>>> print(open('protein-v7.cif').read())   # mmCIF, C-alpha atoms and all ligand atoms
data_data
loop_
_atom_site.label_atom_id
_atom_site.label_comp_id
_atom_site.auth_asym_id
_atom_site.auth_seq_id
_atom_site.Cartn_x
_atom_site.Cartn_y
_atom_site.Cartn_z
CA MET K 302 -62.78 -107.86 -25.67
CA ASN K 303 -59.03 -108.36 -25.84
CA LYS K 304 -56.98 -106.04 -23.65
CA THR K 305 -54.67 -103.56 -25.34
CA VAL K 306 -51.08 -103.11 -24.21
CA LEU K 307 -48.74 -100.30 -25.19
CA VAL K 308 -45.22 -101.71 -25.34
CA THR K 309 -42.51 -99.06 -25.35
CA GLY K 310 -39.18 -100.29 -26.72
CA GLY K 311 -41.06 -103.25 -28.17
CA LEU K 312 -38.56 -103.84 -30.98
CA GLY K 313 -35.64 -104.25 -28.56
CA PHE K 314 -34.17 -107.45 -27.19
CA ILE K 315 -36.54 -108.13 -24.28
CA GLY K 316 -39.43 -106.13 -25.72
CA SER K 317 -39.62 -108.11 -28.98
CA HIS K 318 -39.70 -111.47 -27.17
CA THR K 319 -42.38 -110.12 -24.83
CA VAL K 320 -44.48 -108.85 -27.74
CA LEU K 321 -44.47 -112.37 -29.20
CA ASP K 322 -45.66 -113.85 -25.93
CA LEU K 323 -48.36 -111.17 -25.59
CA LEU K 324 -49.62 -111.86 -29.11
CA ALA K 325 -49.67 -115.59 -28.39
CA ASN K 326 -51.86 -114.79 -25.40
CA ASP K 327 -54.30 -112.74 -27.49
CA TYR K 328 -53.41 -109.27 -26.28
CA GLU K 329 -53.67 -106.41 -28.74
CA VAL K 330 -50.22 -104.86 -28.93
CA ILE K 331 -49.17 -101.33 -29.87
CA ILE K 332 -45.43 -100.71 -30.06
CA ILE K 333 -43.64 -97.41 -29.80
CA ASP K 334 -39.90 -97.46 -30.47
CA ASN K 335 -37.54 -94.86 -31.94
CA LEU K 336 -35.13 -97.56 -33.25
CA VAL K 337 -32.18 -96.02 -31.42
CA ASN K 338 -31.07 -99.53 -30.46
CA SER K 339 -33.14 -101.78 -32.71
CA HIS K 340 -34.07 -102.39 -36.32
CA ILE K 341 -37.35 -102.10 -38.17
CA GLU K 342 -36.86 -105.66 -39.53
CA VAL K 343 -37.73 -106.93 -36.05
CA LEU K 344 -41.33 -105.96 -36.77
CA ASP K 345 -41.36 -108.27 -39.80
CA HIS K 346 -39.78 -111.04 -37.78
CA ILE K 347 -42.49 -110.66 -35.14
CA ALA K 348 -45.10 -110.94 -37.91
CA THR K 349 -43.38 -113.99 -39.46
CA ILE K 350 -43.23 -115.85 -36.15
CA SER K 351 -46.64 -114.87 -34.77
CA GLY K 352 -48.69 -114.41 -37.93
CA LYS K 353 -49.81 -111.04 -36.52
CA LYS K 354 -48.46 -107.56 -37.16
CA PRO K 355 -48.77 -105.25 -34.17
CA LEU K 356 -49.43 -101.56 -34.64
CA PHE K 357 -46.13 -99.71 -34.69
CA PHE K 358 -45.23 -96.08 -34.09
CA GLU K 359 -41.67 -95.03 -34.83
CA ALA K 360 -41.24 -92.28 -32.25
CA ASP K 361 -39.50 -91.22 -29.11
CA VAL K 362 -41.54 -91.98 -25.99
CA ARG K 363 -40.78 -88.42 -24.83
CA ASN K 364 -42.73 -87.12 -27.82
CA GLU K 365 -46.04 -86.17 -26.20
CA GLU K 366 -47.67 -85.29 -29.50
CA VAL K 367 -47.35 -88.90 -30.63
CA LEU K 368 -48.37 -90.23 -27.22
CA ASN K 369 -51.50 -88.05 -27.25
CA LYS K 370 -52.38 -89.40 -30.67
CA ILE K 371 -52.02 -93.02 -29.54
CA PHE K 372 -53.90 -92.57 -26.26
CA LYS K 373 -56.69 -90.58 -27.90
CA GLU K 374 -57.27 -93.19 -30.54
CA TYR K 375 -56.88 -96.42 -28.55
CA HIS K 376 -57.94 -97.44 -25.10
CA ILE K 377 -54.74 -98.60 -23.45
CA ASP K 378 -55.35 -101.07 -20.62
CA ALA K 379 -51.71 -101.27 -19.61
CA ILE K 380 -48.24 -100.08 -20.52
CA ILE K 381 -45.10 -102.20 -20.46
CA HIS K 382 -42.25 -99.71 -20.43
CA PHE K 383 -39.00 -101.14 -21.83
CA ALA K 384 -37.80 -98.09 -23.76
CA GLY K 385 -34.59 -96.62 -22.46
CA LEU K 386 -30.84 -96.57 -22.81
CA LYS K 387 -28.93 -99.38 -21.15
CA ALA K 388 -25.20 -99.18 -21.87
CA VAL K 389 -23.50 -98.85 -18.50
CA GLY K 390 -20.21 -97.45 -19.87
CA GLU K 391 -21.96 -94.92 -22.08
CA SER K 392 -24.06 -93.77 -19.12
CA VAL K 393 -20.88 -92.79 -17.29
CA LYS K 394 -19.77 -90.68 -20.27
CA LYS K 395 -23.20 -89.21 -21.06
CA PRO K 396 -25.10 -89.00 -17.77
CA THR K 397 -27.42 -86.19 -18.85
CA LEU K 398 -28.56 -88.18 -21.88
CA TYR K 399 -29.28 -91.19 -19.69
CA TYR K 400 -31.19 -89.20 -17.07
CA ASP K 401 -33.12 -87.40 -19.80
CA VAL K 402 -34.18 -90.49 -21.76
CA ASN K 403 -34.66 -92.90 -18.90
CA ILE K 404 -36.61 -90.55 -16.63
CA ASN K 405 -38.49 -88.35 -19.11
CA THR K 406 -39.90 -91.32 -21.03
CA THR K 407 -41.52 -92.49 -17.80
CA LEU K 408 -42.77 -89.02 -16.88
CA ALA K 409 -44.40 -88.61 -20.28
CA LEU K 410 -46.18 -91.96 -19.89
CA LEU K 411 -47.42 -91.13 -16.38
CA LYS K 412 -48.87 -87.89 -17.69
CA MET K 413 -50.78 -89.83 -20.37
CA MET K 414 -52.03 -92.37 -17.83
CA LYS K 415 -53.65 -89.58 -15.80
CA LYS K 416 -55.00 -87.79 -18.84
CA TYR K 417 -56.48 -90.84 -20.56
CA ASN K 418 -57.44 -93.08 -17.64
CA CYS K 419 -54.90 -95.79 -18.14
CA HIS K 420 -54.37 -97.47 -14.77
CA ASN K 421 -51.50 -99.89 -15.17
CA ILE K 422 -47.79 -99.71 -15.88
CA ILE K 423 -45.10 -102.40 -15.72
CA PHE K 424 -41.53 -101.14 -15.61
CA SER K 425 -38.20 -102.73 -16.56
CA SER K 426 -36.02 -102.32 -13.51
CA SER K 427 -32.81 -104.16 -12.81
CA ALA K 428 -30.89 -106.15 -10.21
CA THR K 429 -28.49 -103.20 -10.32
CA VAL K 430 -30.75 -101.39 -7.78
CA TYR K 431 -29.54 -103.84 -5.10
CA GLY K 432 -26.26 -101.90 -5.30
CA GLU K 433 -23.69 -102.94 -2.75
CA SER K 434 -26.09 -105.20 -0.90
CA ARG K 435 -24.23 -108.44 -0.23
CA GLU K 436 -26.90 -110.53 1.43
CA LEU K 437 -27.84 -113.31 -0.98
CA PRO K 438 -30.16 -114.17 -2.57
CA PHE K 439 -31.59 -110.71 -3.26
CA THR K 440 -35.18 -110.39 -2.07
CA GLU K 441 -37.60 -107.66 -3.06
CA ASN K 442 -37.97 -106.29 0.46
CA MET K 443 -34.25 -105.56 0.90
CA ASN K 444 -32.98 -102.01 1.00
CA VAL K 445 -32.04 -100.77 -2.44
CA GLY K 446 -30.37 -97.73 -3.92
CA VAL K 447 -27.13 -97.74 -1.90
CA GLY K 448 -23.84 -98.11 -3.71
CA ILE K 449 -25.18 -98.05 -7.27
CA LYS K 450 -22.09 -97.62 -9.42
CA ASN K 451 -23.23 -95.74 -12.53
CA PRO K 452 -25.84 -93.32 -13.93
CA TYR K 453 -27.68 -96.14 -15.73
CA GLY K 454 -28.28 -97.90 -12.43
CA GLU K 455 -29.28 -94.64 -10.76
CA THR K 456 -31.93 -94.04 -13.43
CA LYS K 457 -33.45 -97.44 -12.65
CA TYR K 458 -33.55 -96.62 -8.94
CA ILE K 459 -35.01 -93.15 -9.54
CA ASN K 460 -37.67 -94.67 -11.79
CA GLU K 461 -38.60 -97.07 -9.02
CA LEU K 462 -39.02 -94.17 -6.57
CA LEU K 463 -40.95 -92.12 -9.11
CA LEU K 464 -43.33 -94.95 -9.99
CA LYS K 465 -43.95 -95.87 -6.34
CA ASP K 466 -44.71 -92.25 -5.46
CA PHE K 467 -47.01 -91.95 -8.46
CA ALA K 468 -48.99 -95.05 -7.47
CA THR K 469 -49.23 -93.86 -3.86
CA SER K 470 -50.46 -90.41 -4.75
CA GLU K 471 -53.06 -91.37 -7.35
CA ASP K 472 -56.32 -93.24 -6.93
CA ASP K 473 -56.52 -96.53 -8.77
CA MET K 474 -53.08 -96.46 -10.38
CA HIS K 475 -51.08 -99.67 -10.36
CA VAL K 476 -47.39 -100.24 -10.85
CA ILE K 477 -45.31 -103.40 -11.14
CA LEU K 478 -41.54 -103.06 -10.98
CA LEU K 479 -39.74 -106.03 -12.49
CA ARG K 480 -36.12 -106.39 -11.45
CA TYR K 481 -34.38 -108.35 -14.17
CA PHE K 482 -31.25 -110.32 -13.47
CA ASN K 483 -29.07 -111.28 -16.48
CA PRO K 484 -31.13 -111.94 -19.62
CA ILE K 485 -29.43 -114.11 -22.26
CA GLY K 486 -30.52 -116.38 -25.11
CA ALA K 487 -32.66 -115.71 -28.15
CA HIS K 488 -35.83 -116.82 -29.90
CA LYS K 489 -35.77 -120.46 -31.07
CA SER K 490 -36.39 -119.36 -34.67
CA GLY K 491 -33.06 -117.54 -34.75
CA LEU K 492 -34.90 -114.42 -35.95
CA LEU K 493 -34.81 -112.43 -32.71
CA GLY K 494 -31.93 -111.90 -30.33
CA GLU K 495 -29.34 -109.43 -29.13
CA ASP K 496 -26.55 -108.11 -31.29
CA PRO K 497 -25.16 -104.80 -30.02
CA LYS K 498 -23.56 -102.55 -32.62
CA ASP K 499 -20.60 -101.55 -30.46
CA ILE K 500 -18.14 -103.68 -28.56
CA PRO K 501 -20.37 -105.25 -25.92
CA ASN K 502 -19.99 -104.79 -22.17
CA ASN K 503 -22.12 -107.77 -21.26
CA LEU K 504 -20.81 -111.30 -21.12
CA MET K 505 -23.09 -113.15 -23.56
CA PRO K 506 -22.98 -110.61 -26.42
CA TYR K 507 -19.19 -110.56 -26.03
CA VAL K 508 -19.04 -114.37 -26.08
CA LEU K 509 -21.12 -114.36 -29.27
CA LYS K 510 -18.80 -111.91 -31.03
CA VAL K 511 -15.84 -114.13 -30.14
CA ALA K 512 -17.72 -117.25 -31.25
CA VAL K 513 -18.34 -115.81 -34.73
CA GLY K 514 -14.79 -114.47 -35.00
CA GLU K 515 -15.62 -110.76 -34.81
CA LEU K 516 -13.53 -110.49 -31.66
CA ASP K 517 -10.33 -112.36 -30.83
CA HIS K 518 -10.94 -113.73 -27.41
CA LEU K 519 -12.96 -113.25 -24.25
CA THR K 520 -11.30 -111.71 -21.24
CA VAL K 521 -12.64 -113.19 -18.02
CA PHE K 522 -12.66 -110.35 -15.54
CA GLY K 523 -10.90 -111.89 -12.56
CA ASP K 524 -10.57 -115.43 -11.25
CA ASP K 525 -9.66 -114.56 -7.68
CA TYR K 526 -13.15 -113.94 -6.29
CA ASP K 527 -14.43 -115.84 -3.30
CA THR K 528 -16.51 -118.19 -5.44
CA PRO K 529 -16.02 -121.93 -6.21
CA ASP K 530 -13.99 -121.36 -9.42
CA GLY K 531 -12.86 -117.81 -8.60
CA THR K 532 -14.98 -116.13 -11.31
CA CYS K 533 -18.07 -113.98 -10.67
CA ILE K 534 -21.49 -115.49 -10.31
CA ARG K 535 -24.65 -114.09 -11.92
CA ASP K 536 -28.23 -115.24 -12.35
CA TYR K 537 -28.64 -115.75 -16.11
CA ILE K 538 -32.23 -116.03 -17.31
CA HIS K 539 -33.34 -117.06 -20.79
CA VAL K 540 -35.05 -114.12 -22.50
CA LEU K 541 -38.07 -116.35 -23.30
CA ASP K 542 -38.59 -117.02 -19.59
CA LEU K 543 -38.11 -113.33 -18.83
CA ALA K 544 -40.61 -112.37 -21.53
CA HIS K 545 -43.15 -114.75 -20.09
CA GLY K 546 -42.70 -113.10 -16.71
CA HIS K 547 -44.19 -109.95 -18.27
CA VAL K 548 -47.28 -111.79 -19.47
CA LEU K 549 -47.78 -113.11 -15.95
CA ALA K 550 -47.19 -109.66 -14.46
CA LEU K 551 -49.70 -108.19 -16.89
CA SER K 552 -52.34 -110.68 -15.89
CA LYS K 553 -51.61 -109.79 -12.24
CA ILE K 554 -51.73 -106.01 -12.69
CA LEU K 555 -55.01 -106.07 -14.61
CA GLY K 556 -56.78 -107.32 -11.46
CA MET K 557 -54.46 -105.84 -8.86
CA LYS K 558 -55.75 -104.05 -5.75
CA ASP K 559 -52.32 -103.02 -4.44
CA LYS K 560 -50.73 -99.89 -5.77
CA CYS K 561 -47.19 -101.14 -6.29
CA GLU K 562 -45.61 -104.57 -6.40
CA ILE K 563 -42.01 -105.55 -7.06
CA TYR K 564 -40.81 -108.87 -8.46
CA ASN K 565 -37.37 -110.25 -9.17
CA LEU K 566 -37.18 -112.05 -12.48
CA GLY K 567 -34.23 -114.41 -12.52
CA THR K 568 -33.88 -118.16 -12.07
CA GLY K 569 -32.77 -118.17 -8.45
CA LYS K 570 -29.58 -119.98 -9.50
CA GLY K 571 -26.14 -118.51 -10.06
CA SER K 572 -23.60 -119.50 -12.71
CA SER K 573 -19.98 -118.42 -12.88
CA VAL K 574 -18.33 -116.84 -15.92
CA LEU K 575 -16.40 -120.05 -16.55
CA GLU K 576 -19.56 -122.15 -16.24
CA ILE K 577 -21.10 -120.04 -18.98
CA VAL K 578 -18.02 -120.45 -21.17
CA HIS K 579 -18.02 -124.22 -20.65
CA ALA K 580 -21.78 -124.52 -21.26
CA PHE K 581 -21.39 -122.50 -24.45
CA ASN K 582 -18.52 -124.72 -25.65
CA ASN K 583 -20.33 -127.95 -24.82
CA VAL K 584 -23.63 -127.25 -26.52
CA ASN K 585 -22.16 -125.54 -29.55
CA HIS K 586 -19.16 -127.85 -29.99
CA ILE K 587 -16.63 -125.05 -30.14
CA LYS K 588 -13.76 -123.86 -28.00
CA LEU K 589 -13.99 -120.19 -27.12
CA PRO K 590 -10.58 -118.60 -26.78
CA TYR K 591 -10.34 -116.79 -23.45
CA VAL K 592 -7.77 -115.26 -21.15
CA ILE K 593 -8.02 -114.43 -17.49
CA GLY K 594 -7.71 -110.68 -16.96
CA PRO K 595 -7.94 -108.34 -14.01
CA ARG K 596 -11.18 -107.69 -12.16
CA ARG K 597 -13.58 -105.15 -13.70
CA GLU K 598 -14.13 -102.20 -11.41
CA GLY K 599 -17.41 -102.27 -9.57
CA ASP K 600 -18.18 -105.97 -10.15
CA ALA K 601 -19.76 -107.82 -7.25
CA ALA K 602 -18.57 -111.41 -6.73
CA MET K 603 -22.10 -112.77 -6.69
CA SER K 604 -25.60 -111.72 -7.65
CA PHE K 605 -28.63 -113.96 -7.77
CA ALA K 606 -32.30 -113.59 -7.12
CA SER K 607 -34.81 -115.08 -4.81
CA ILE K 608 -37.77 -115.71 -7.13
CA GLU K 609 -40.08 -117.03 -4.43
CA LYS K 610 -42.34 -113.99 -4.56
CA ALA K 611 -42.73 -114.16 -8.36
CA ARG K 612 -43.31 -117.92 -8.08
CA LYS K 613 -45.98 -117.55 -5.45
CA GLU K 614 -47.80 -114.46 -6.68
CA LEU K 615 -47.32 -114.65 -10.46
CA GLY K 616 -46.88 -118.39 -11.01
CA PHE K 617 -43.49 -117.60 -12.55
CA GLU K 618 -41.37 -120.69 -13.25
CA PRO K 619 -38.39 -120.43 -15.59
CA ILE K 620 -38.09 -123.50 -17.80
CA TYR K 621 -34.93 -122.94 -19.83
CA THR K 622 -31.35 -123.75 -18.80
CA ILE K 623 -28.15 -121.81 -19.46
CA GLU K 624 -27.37 -124.52 -22.06
CA ASP K 625 -30.63 -123.71 -23.89
CA ALA K 626 -29.70 -120.03 -23.80
CA CYS K 627 -26.19 -120.67 -25.13
CA LEU K 628 -27.57 -122.81 -27.96
CA ASP K 629 -30.29 -120.32 -28.91
CA ALA K 630 -28.01 -117.29 -28.72
CA PHE K 631 -25.41 -118.94 -30.99
CA ASN K 632 -28.13 -120.04 -33.42
CA PHE K 633 -29.33 -116.42 -33.61
CA ILE K 634 -25.91 -114.87 -34.10
CA LYS K 635 -24.89 -117.36 -36.81
CA LYS K 636 -27.99 -116.44 -38.83
CA HIS K 637 -27.58 -112.78 -38.12
CA VAL K 638 -23.87 -112.17 -38.60
CA GLY K 639 -22.92 -109.87 -41.43
CA LYS K 640 -26.52 -108.87 -42.07
CA GLU K 641 -26.36 -105.41 -40.53
P1 LIG E 701 -32.82 -102.78 -25.94
O1 LIG E 701 -31.90 -101.64 -26.11
O2 LIG E 701 -32.64 -103.98 -26.81
O3 LIG E 701 -34.34 -102.30 -26.08
C1 LIG E 701 -34.76 -101.00 -25.75
C2 LIG E 701 -35.60 -100.49 -26.90
O4 LIG E 701 -36.06 -99.18 -26.57
C3 LIG E 701 -34.82 -100.38 -28.20
O5 LIG E 701 -35.57 -100.96 -29.25
C4 LIG E 701 -34.66 -98.87 -28.42
O6 LIG E 701 -34.64 -98.53 -29.78
C5 LIG E 701 -35.87 -98.33 -27.70
N1 LIG E 701 -35.72 -96.97 -27.17
C6 LIG E 701 -34.69 -96.46 -26.44
N2 LIG E 701 -34.95 -95.17 -26.12
C7 LIG E 701 -36.17 -94.87 -26.65
C8 LIG E 701 -36.97 -93.71 -26.63
N3 LIG E 701 -36.59 -92.59 -26.03
N4 LIG E 701 -38.17 -93.75 -27.26
C9 LIG E 701 -38.58 -94.89 -27.91
N5 LIG E 701 -37.86 -96.02 -27.94
C10 LIG E 701 -36.66 -96.01 -27.31
O7 LIG E 701 -32.75 -103.21 -24.39
P2 LIG E 701 -33.32 -104.49 -23.66
O8 LIG E 701 -32.18 -105.35 -23.27
O9 LIG E 701 -34.44 -105.07 -24.42
O10 LIG E 701 -33.85 -103.81 -22.32
C11 LIG E 701 -35.18 -103.36 -22.18
C12 LIG E 701 -35.32 -102.67 -20.84
O11 LIG E 701 -34.90 -103.56 -19.81
C13 LIG E 701 -34.44 -101.43 -20.70
O12 LIG E 701 -35.15 -100.48 -19.96
C14 LIG E 701 -33.26 -101.94 -19.91
O13 LIG E 701 -32.64 -100.92 -19.17
C15 LIG E 701 -33.91 -102.95 -19.00
N6 LIG E 701 -32.99 -103.98 -18.51
C16 LIG E 701 -32.24 -104.68 -19.39
C17 LIG E 701 -31.32 -105.63 -18.93
C18 LIG E 701 -30.45 -106.40 -19.90
O14 LIG E 701 -29.44 -106.96 -19.45
N7 LIG E 701 -30.77 -106.48 -21.18
C19 LIG E 701 -31.20 -105.86 -17.56
C20 LIG E 701 -32.00 -105.14 -16.67
C21 LIG E 701 -32.90 -104.19 -17.17
N1 LIG E 702 -17.60 -110.56 -17.81
C1 LIG E 702 -16.37 -111.02 -18.22
N2 LIG E 702 -15.91 -110.61 -19.44
C2 LIG E 702 -16.62 -109.78 -20.26
C3 LIG E 702 -17.88 -109.33 -19.84
C4 LIG E 702 -18.34 -109.74 -18.60
O1 LIG E 702 -15.71 -111.77 -17.50
O2 LIG E 702 -16.12 -109.43 -21.33
C5 LIG E 702 -18.13 -110.99 -16.50
C6 LIG E 702 -18.38 -109.84 -15.55
O3 LIG E 702 -17.23 -109.58 -14.79
C7 LIG E 702 -19.52 -110.39 -14.69
C8 LIG E 702 -20.27 -111.35 -15.63
O4 LIG E 702 -19.38 -111.60 -16.71
O5 LIG E 702 -19.00 -111.15 -13.65
C9 LIG E 702 -21.55 -110.74 -16.17
O6 LIG E 702 -21.26 -109.46 -16.70
P1 LIG E 702 -22.37 -108.57 -17.40
O7 LIG E 702 -21.74 -107.26 -17.70
O8 LIG E 702 -22.98 -109.35 -18.51
O9 LIG E 702 -23.50 -108.43 -16.28
P2 LIG E 702 -23.49 -107.67 -14.86
O10 LIG E 702 -22.11 -107.77 -14.29
O11 LIG E 702 -23.88 -106.27 -15.16
O12 LIG E 702 -24.46 -108.40 -14.03
#
>>> encode(input="protein-v7.cif", output="structure tokens", more="lines below")
Ligand code: NAD
Ligand code: UDP
Amino acid sequence: MNKTVLVTGGLGFIGSHTVLDLLANDYEVIIIDNLVNSHIEVLDHIATISGKKPLFFEADVRNEEVLNKIFKEYHIDAIIHFAGLKAVGESVKKPTLYYDVNINTTLALLKMMKKYNCHNIIFSSSATVYGESRELPFTENMNVGVGIKNPYGETKYINELLLKDFATSEDDMHVILLRYFNPIGAHKSGLLGEDPKDIPNNLMPYVLKVAVGELDHLTVFGDDYDTPDGTCIRDYIHVLDLAHGHVLALSKILGMKDKCEIYNLGTGKGSSVLEIVHAFNNVNHIKLPYVIGPRREGDAAMSFASIEKARKELGFEPIYTIEDACLDAFNFIKKHVGKE
């Protein structure tokens, strides 16, 4: 029988791409999402692309009444927990909201796992937990949690501690923590991608808004870093590669003996802000207007992953380039602009 996966936040940017990959691999998928940062149309797009319509519950993951209903009715083999709030700037202004949503969603799920004998959970963590660590590339066994700069990042770190302690204290409970680096790109169909409602913090959504003329120009935050072109370096991973990492992690967790494993999901390669701008210009035949501005507070000069552990233990191998991501993201935004 096909395994059933509960995907929280499954209509969001990474969740929706992961749902497609799960469906392509014959998993039964149940999505719970409260649409706080996504649109119901994504469900139709998933159906159009995959030919399958997953079960969908519009609800907050903290709503235990709904969770009880789902877990009572369906046998859930594993949970992939994407649901949460992710805007770094907003988390500084509304820390209690961020702690509430990002921690209590997980707590509610752990309660259900115990109650209904679900043994596996995969969690969306972030490279942000490496904090002020400057030894590169980041490896999973490094110390984390020191020098995290904002409540969003703290909630990721606290979730990691919580999930590790849960797995340690319970018999036969398994946790995989996936530390994402910088997801960019979109689905090749142009139907799924990322289009934040507010002025974006992140580089690629900002670039896209400039590319379609919704914003004037990009400001490059500093060109005086100790990097080859002076701009910051990050490990940008195509969302399709990242999504596939979840399918591999799921296959691992369903037969896993260990209680908790951690994997970086990046490409292992860094690109500078200017390299992204140039790649975007080249593949899309445009010229993004940009100015060099001051450094953004809290930015590290460089962040990139070691993906050796994911390679070895999950068979993870990213296949897309930053050029693919720039092309796909622009294709998505051109189709999407003005539709919301
Ligand atoms: P997203 O905002 O596009 O997706 C999150 C989804 O969860 C949205 O559809 C939203 O409506 C839903 N949601 C939020 N709170 C909910 C709640 N209480 N109950 C039910 N649904 C809820 O974000 P994303 O980029 O797809 O990120 C997914 C996960 O990965 C998040 O946990 C995020 O923190 C983490 N992550 C993202 C990045 C990134 O750069 N995108 C990097 C590292 C980690
Ligand atoms: N960045 C930039 N201009 C922007 C947004 C981001 O120059 O408008 C830079 C930022 O300084 C960082 C890189 O792009 O070096 C990636 O930023 P993002 O916020 O996307 O990811 P993070 O820094 O959280 O890894």
>>> residues_near_ligand(input="protein-v7.cif", ligand="ligand LIG 702 (chain E)", cutoff="7 Å", atoms="only C-alpha atoms and all ligand atoms", output="PyMOL selection string")
chain K and resi 483+502-505+507+519-523+532-535+574+596-597+600+602
>>> residues_near_ligand(input="protein-v7.cif", ligand="ligand LIG 701 (chain E)", cutoff="6 Å", atoms="all atoms listed in the file", output="PyMOL selection string")
chain K and resi 310+312-316+333-339+360-362+383-387+402+425-427+481+483-484
>>> atom_distance(input="protein-v7.cif", atom1="CA of Tyr591 in chain K", atom2="CA of Thr528 in chain K")
19.1 Å
>>> closest_residue(input="protein-v7.cif", among="K:Asn421, K:Lys489, K:Ile459, K:Gly616", to="Met557 in chain K", atoms="all atoms listed in the file")
K:Asn421
>>> residues_around(input="protein-v7.cif", residues="Ile477 in chain K", least_positions_apart="3", cutoff="8 Å", atoms="all atoms listed in the file", output="list in words")
Ile422, Ile423, Phe424, Ala550, Ile554, Cys561, Glu562, Ile563 and Tyr564 of chain K
>>> residues_around(input="protein-v7.cif", residues="Pro355 in chain K", least_positions_apart="4", cutoff="12 Å", atoms="all atoms listed in the file", output="ChimeraX atom specification")
/K:305-308,311-312,317,320-321,323-325,327-333,343-349,351
>>> decode(input="protein-v7.cif", residues="range 360-365 of chain K", atoms="all heavy atoms", output="short mmCIF file (atom, residue, chain, number, x, y, z; two decimals), in the first residue's frame")
data_model
loop_
_atom_site.label_atom_id
_atom_site.label_comp_id
_atom_site.auth_asym_id
_atom_site.auth_seq_id
_atom_site.Cartn_x
_atom_site.Cartn_y
_atom_site.Cartn_z
N ALA K 360 -6.76 24.84 7.48
CA ALA K 360 -6.78 24.98 8.94
C ALA K 360 -5.40 25.32 9.45
O ALA K 360 -4.39 25.09 8.78
CB ALA K 360 -7.24 23.68 9.58
N ASP K 361 -5.41 25.87 10.65
CA ASP K 361 -4.16 26.16 11.35
C ASP K 361 -3.64 24.86 11.95
O ASP K 361 -4.42 24.09 12.52
CB ASP K 361 -4.45 27.18 12.45
CG ASP K 361 -3.19 27.81 12.99
OD1 ASP K 361 -2.31 27.06 13.48
OD2 ASP K 361 -3.08 29.05 12.93
N VAL K 362 -2.35 24.63 11.83
CA VAL K 362 -1.78 23.39 12.38
C VAL K 362 -1.90 23.36 13.91
O VAL K 362 -1.86 22.29 14.52
CB VAL K 362 -0.30 23.21 11.94
CG1 VAL K 362 0.34 21.99 12.55
CG2 VAL K 362 -0.21 23.13 10.42
N ARG K 363 -2.08 24.51 14.53
CA ARG K 363 -2.28 24.53 15.99
C ARG K 363 -3.68 24.09 16.39
O ARG K 363 -3.96 23.92 17.57
CB ARG K 363 -1.99 25.94 16.53
CG ARG K 363 -0.53 26.35 16.41
CD ARG K 363 -0.35 27.83 16.66
NE ARG K 363 -1.07 28.62 15.64
CZ ARG K 363 -1.19 29.94 15.65
NH1 ARG K 363 -0.65 30.64 16.63
NH2 ARG K 363 -1.85 30.56 14.69
N ASN K 364 -4.55 23.93 15.42
CA ASN K 364 -5.94 23.55 15.70
C ASN K 364 -6.03 22.03 15.94
O ASN K 364 -6.11 21.24 15.00
CB ASN K 364 -6.82 23.98 14.52
CG ASN K 364 -8.28 23.70 14.76
OD1 ASN K 364 -8.64 22.82 15.55
ND2 ASN K 364 -9.13 24.43 14.07
N GLU K 365 -6.04 21.64 17.20
CA GLU K 365 -5.96 20.21 17.51
C GLU K 365 -7.24 19.46 17.15
O GLU K 365 -7.22 18.24 16.95
CB GLU K 365 -5.60 20.01 18.99
CG GLU K 365 -4.17 20.46 19.23
CD GLU K 365 -3.65 20.14 20.61
OE1 GLU K 365 -4.24 19.29 21.31
OE2 GLU K 365 -2.64 20.76 21.00
#
